[in-house]
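Colleague: One structure, as structure tokens, below. Some questions next.
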Amino acid sequence: MSNPEVVVVGSCMTDLVSYTSRLPKPGETIHGHRFSIGFGGKGANQCIAARRLGASTAMVAMVGDDSFGQNYLQNFKDNGVDITHVGVTKEAATGVAPIAVDDSGENCIIIVAGANLKMTKKEVEAAESMVKKSSVLVCQGEITMEATLAALVMARKHQGKLDILQYTFFPVVKTRSDLGQIQTIQGHGKNYMDKEWEVTVAEVLTSICIKNVKDAESAAEELLSRGCGSVIITLGGEGALYSTSNGHVHVSAEKVTPVDTTGAGDAFVGALAYFMACYPQLDMVEMIRRSCKVATVSVQAPGTQSSYPARDKLPKEIFV
């Protein structure tokens, strides 16, 4: 695949998921009723989500020289993802994410990054010819800061050709100059039904505790004042907030009973990248509305990538 529409620079994790009636308390051992192994990692999740909807995608990542890594490479191939720039290292194991999911769909996650932290600026720069031909670049921050910033700087360099830059995670953004590399920040308030982090992206960046839409507006205004072109803060079952210098737009989400919220935020980001790349004629509010629909579908099925809907499983009006 020489010209992917969406390129993701980010993480690959093997999800080790235990399903329980409730989440354990500190120091407590409880019985689970089901276990599964699946494919995860924010970067790979977003890449697969965009691919399932129909975007041509490519991954820039690192896995370990182990069975999890080999399985992950095959997973990308099975989903039609370009893996030209997915490296294999002997210096660390493939990243893993032990996950507990309770009967209400809530989850808690521990990430062991492993090979993801072996990604360097060199590996990212090797993918430059591919990145500059794409429409959307997606980064998260689950790999090294060095590698993520290299991707952001590269996107800035090719801004005239690379239409949209999507950034979705907080650790790499430490200064105003870092924020200056970003056109759009998609930070999580409630992590779009995805309680993976007690302290969320927008909250860490702004020190504003987000409990409602008004709080999200305040956080967005703070990020805009630091140089962001636009900000999207996802709000769980309340949808998402889109903010620019022209004001705020709250996009509501359909109310559903979740089965498993794991990776729902990544389904939203992958869908948004897809619409940015493949439906550039839509305005951002409409893209966000459609992305909320995709993420809402994902929480109604178990698993992470396994819950991401293919195009033919979604309402046709999403694609008109």
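By convention here, the chains of the structure tokens are called A, B, ... in the order presented, each chain's residues are numbered starting at 1, and ligands are numbered starting at 1 in the order presented.
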Show which residues sit within 7 Å of range 303-309 of chain A, as a ChimeraX atom specification. Count only C-alpha atoms, and ignore same-chain residues fewer than 6 positions away.
Modeller: /A:39-40,45,48-49,52,260,262-263,267
Colleague: Store the residues picked out above, limited to N, CA and C atoms, as a PDB file, in the first residue's frame.
Modeller:
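Output file result_22.pdb is given in full below:
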```pdb
ATOM      1  N   PHE A  39      -6.437  -8.184  20.610  1.00  0.00           N
ATOM      2  CA  PHE A  39      -5.479  -7.196  20.129  1.00  0.00           C
ATOM      3  C   PHE A  39      -5.916  -5.812  20.589  1.00  0.00           C
ATOM      4  N   GLY A  40      -4.963  -5.043  21.118  1.00  0.00           N
ATOM      5  CA  GLY A  40      -5.252  -3.711  21.619  1.00  0.00           C
ATOM      6  C   GLY A  40      -4.083  -2.765  21.425  1.00  0.00           C
ATOM      7  N   ASN A  45      -5.512   0.065  17.809  1.00  0.00           N
ATOM      8  CA  ASN A  45      -6.980   0.123  17.858  1.00  0.00           C
ATOM      9  C   ASN A  45      -7.517   1.163  16.885  1.00  0.00           C
ATOM     10  N   ILE A  48      -7.092   0.013  13.253  1.00  0.00           N
ATOM     11  CA  ILE A  48      -8.054  -1.022  12.864  1.00  0.00           C
ATOM     12  C   ILE A  48      -9.455  -0.430  12.736  1.00  0.00           C
ATOM     13  N   ALA A  49      -9.820   0.472  13.650  1.00  0.00           N
ATOM     14  CA  ALA A  49     -11.145   1.086  13.585  1.00  0.00           C
ATOM     15  C   ALA A  49     -11.328   1.843  12.273  1.00  0.00           C
ATOM     16  N   ARG A  52     -11.627  -0.743   9.385  1.00  0.00           N
ATOM     17  CA  ARG A  52     -12.919  -1.441   9.337  1.00  0.00           C
ATOM     18  C   ARG A  52     -13.979  -0.604   8.630  1.00  0.00           C
ATOM     19  N   ASP A 260     -19.178  -3.655  27.071  1.00  0.00           N
ATOM     20  CA  ASP A 260     -17.746  -3.570  27.348  1.00  0.00           C
ATOM     21  C   ASP A 260     -17.257  -2.251  26.763  1.00  0.00           C
ATOM     22  N   THR A 262     -14.195  -1.082  26.835  1.00  0.00           N
ATOM     23  CA  THR A 262     -12.773  -1.083  26.502  1.00  0.00           C
ATOM     24  C   THR A 262     -12.540  -0.657  25.056  1.00  0.00           C
ATOM     25  N   GLY A 263     -11.715   0.358  24.873  1.00  0.00           N
ATOM     26  CA  GLY A 263     -11.328   0.784  23.528  1.00  0.00           C
ATOM     27  C   GLY A 263     -12.354   1.633  22.800  1.00  0.00           C
ATOM     28  N   ALA A 267     -12.216   3.703  19.167  1.00  0.00           N
ATOM     29  CA  ALA A 267     -13.176   3.568  18.069  1.00  0.00           C
ATOM     30  C   ALA A 267     -13.604   4.940  17.578  1.00  0.00           C
TER      31      ALA A 267
END
```
Colleague: Need to verify the contact set: range 90-102 of chain A, 10 Å, only C-alpha atoms, exclusion of same-chain residues closer than 4 positions in sequence. Can you return it as an MDAnalysis selection string?
Modeller: chainID A and resid 11:24 32 34:41 62:70 72 106:118 196 259:262 302:303
Colleague: Can you tell me how far CA of Tyr242 in chain A sits from CA of Val285 in chain A, in Å to one decimal?
Modeller: 7.0 Å
Colleague: Under the rule that only C-alpha atoms are counted, which of A:Lys42, A:Ala61, A:Asp215, A:Gly247 is the nearest residue to Gly229 in chain A?
Modeller: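 Among A:Lys42, A:Ala61, A:Asp215, A:Gly247, it is A:Gly247 that comes nearest to Gly229 in chain A.
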Colleague: Please report the interatomic distance between CA of Phe268 in chain A and CA of Ser135 in chain A in Å with one decimal.
Modeller: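 Computing the Euclidean distance for CA of Phe268 in chain A and CA of Ser135 in chain A yields 17.6 Å.
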Colleague: Once DSSP has gone over the backbone, tell me which residues of range 44-282 of chain A are in strand (DSSP E or B), as a ChimeraX atom specification.
Modeller: /A:57-64,82-89,95-101,107-109,112,136-139,164-167,184-188,230-234,240-244,247-251
Colleague: Using only C-alpha atoms for the distances, tell me which of A:Asp82, A:His250, A:Ser207, A:Gly10 is nearest to Leu149 in chain A.
Modeller: A:Gly10
Colleague: So what do you get for CA of Cys47 in chain A versus CA of Val131 in chain A, distance-wise?
Modeller: 13.9 Å
Colleague: My list of candidates is A:Leu152, A:Cys209, A:Met287, A:Val6. Which is closest to Ala55 in chain A when distances are computed with only C-alpha atoms?
Modeller: A:Val6
Colleague: Range 204-301 of chain A: which residues are helix (DSSP H, G or I) by DSSP, as a VMD selection string?
Modeller: chain A and resid 204 to 206 213 to 225 236 to 238 264 to 278 284 to 298
Colleague: Compile the contact shell of Glu238 in chain A as a PDB file with N, CA and C atoms, in the first residue's frame: residues with an atom at most 8 Å away, counting only C-alpha atoms, same-chain residues fewer than 2 positions apart removed.
Modeller:
```
ATOM      1  N   LEU A 235     -17.053  12.907  26.047  1.00  0.00           N
ATOM      2  CA  LEU A 235     -17.757  13.024  27.324  1.00  0.00           C
ATOM      3  C   LEU A 235     -18.589  11.787  27.662  1.00  0.00           C
ATOM      4  N   GLY A 236     -18.066  10.622  27.326  1.00  0.00           N
ATOM      5  CA  GLY A 236     -18.786   9.399  27.661  1.00  0.00           C
ATOM      6  C   GLY A 236     -20.150   9.355  27.005  1.00  0.00           C
ATOM      7  N   ALA A 240     -19.667  14.439  22.828  1.00  0.00           N
ATOM      8  CA  ALA A 240     -18.377  15.108  22.696  1.00  0.00           C
ATOM      9  C   ALA A 240     -18.579  16.601  22.546  1.00  0.00           C
ATOM     10  N   VAL A 251     -21.966  17.807  20.934  1.00  0.00           N
ATOM     11  CA  VAL A 251     -22.578  16.763  20.100  1.00  0.00           C
ATOM     12  C   VAL A 251     -23.019  15.634  21.022  1.00  0.00           C
ATOM     13  N   SER A 252     -24.297  15.361  21.096  1.00  0.00           N
ATOM     14  CA  SER A 252     -24.815  14.335  22.004  1.00  0.00           C
ATOM     15  C   SER A 252     -24.627  12.942  21.414  1.00  0.00           C
ATOM     16  N   ALA A 253     -24.696  11.936  22.279  1.00  0.00           N
ATOM     17  CA  ALA A 253     -24.566  10.537  21.855  1.00  0.00           C
ATOM     18  C   ALA A 253     -25.833   9.778  22.233  1.00  0.00           C
TER      19      ALA A 253
END
```
Colleague: Pick the closest to Asp103 in chain A from A:Gly27, A:Thr89, A:Thr257, A:Val231: which is it, counting only C-alpha atoms?
Modeller: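 Of the candidates, the smallest distance to Asp103 in chain A is held by A:Thr257.
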